[in-house]
Amino acid sequence: DELAAGLGEHVAVTRAVAAFAAILLCGATTAVCGPIGFVGLVVPHLARLLAGSDHRWLLPFSAIGGAGLLLAADIVGRIVARPAELDVGIVTALVGAPFFIWIVRRQRVRDL
């Protein structure tokens with residue numbers, strides 16, 4: 001921060017612009033792709049736990065796991081809130097958030 005300020009850069013303004021750009025890009029990506037973001041985040045980590053880091057196995061496991069997770073989330077969303085439906089994004093978020101908390105806690109314990 002001191003070096004950037006010493007070179008004449010407005011650090012607070014630059015951070016605010018960068019944060020706004022990140023928020024705008026995340027919103028646009030969600031609008032284009034849909035709210036099923038946890039599938040692309042959860043499944044590769046789970047596949048890496050099961051298949052290891054060899055990409056010859058990781059890619060097929062991720063593809064099959066992503067399809068399986070979406071199918072299971074759709075079935076659960078249709079069964080749980082009968083006669084209405086829960087959105088697939090809500091069900092995947094309910095699965096994905098605890099999974100990421102578990103991964104972060106495991107990483108922090110390993111780093112200690």
# chains A, B, ... in the order shown; residues from 1 in each chain; ligands from 1
>>> residues_around(residues="A:Arg78", least_positions_apart="6", cutoff="12 Å", atoms="only C-alpha atoms", output="ChimeraX atom specification")
/A:71-72,84-88,90-91
>>> write_last_selection(atoms="N, CA, C and O atoms", output="tab-separated table (two decimals), in the first residue's frame")
chain	number	residue	atom	x	y	z
A	71	LEU	N	-28.78	-34.16	-10.93
A	71	LEU	CA	-29.93	-35.05	-10.96
A	71	LEU	C	-30.47	-35.28	-9.56
A	71	LEU	O	-31.69	-35.21	-9.32
A	72	ALA	N	-29.57	-35.54	-8.60
A	72	ALA	CA	-30.00	-35.76	-7.23
A	72	ALA	C	-30.63	-34.50	-6.64
A	72	ALA	O	-31.65	-34.57	-5.94
A	84	ALA	N	-45.18	-28.10	-4.62
A	84	ALA	CA	-44.32	-27.12	-5.29
A	84	ALA	C	-42.93	-27.74	-5.50
A	84	ALA	O	-42.73	-28.93	-5.23
A	85	GLU	N	-42.00	-26.95	-5.98
A	85	GLU	CA	-40.64	-27.43	-6.20
A	85	GLU	C	-39.64	-26.46	-5.59
A	85	GLU	O	-39.88	-25.26	-5.56
A	86	LEU	N	-38.51	-27.00	-5.12
A	86	LEU	CA	-37.38	-26.18	-4.74
A	86	LEU	C	-36.47	-26.04	-5.94
A	86	LEU	O	-36.30	-26.98	-6.71
A	87	ASP	N	-35.87	-24.89	-6.08
A	87	ASP	CA	-34.95	-24.65	-7.18
A	87	ASP	C	-33.69	-25.50	-6.99
A	87	ASP	O	-33.24	-25.73	-5.87
A	88	VAL	N	-33.13	-25.95	-8.08
A	88	VAL	CA	-31.92	-26.79	-8.04
A	88	VAL	C	-30.77	-26.01	-7.40
A	88	VAL	O	-29.97	-26.57	-6.66
A	90	ILE	N	-30.90	-23.87	-5.00
A	90	ILE	CA	-31.05	-23.86	-3.54
A	90	ILE	C	-30.56	-25.17	-2.95
A	90	ILE	O	-29.83	-25.19	-1.96
A	91	VAL	N	-30.92	-26.27	-3.57
A	91	VAL	CA	-30.50	-27.58	-3.06
A	91	VAL	C	-28.98	-27.74	-3.19
A	91	VAL	O	-28.32	-28.23	-2.27
>>> atom_distance(atom1="atom CA of A:Ala63", atom2="atom CA of A:Gly77")
21.1 Å
>>> closest_residue(among="A:Phe100, A:Gly89, A:Ala18, A:Asp74", to="A:Cys33", atoms="only C-alpha atoms")
A:Gly89
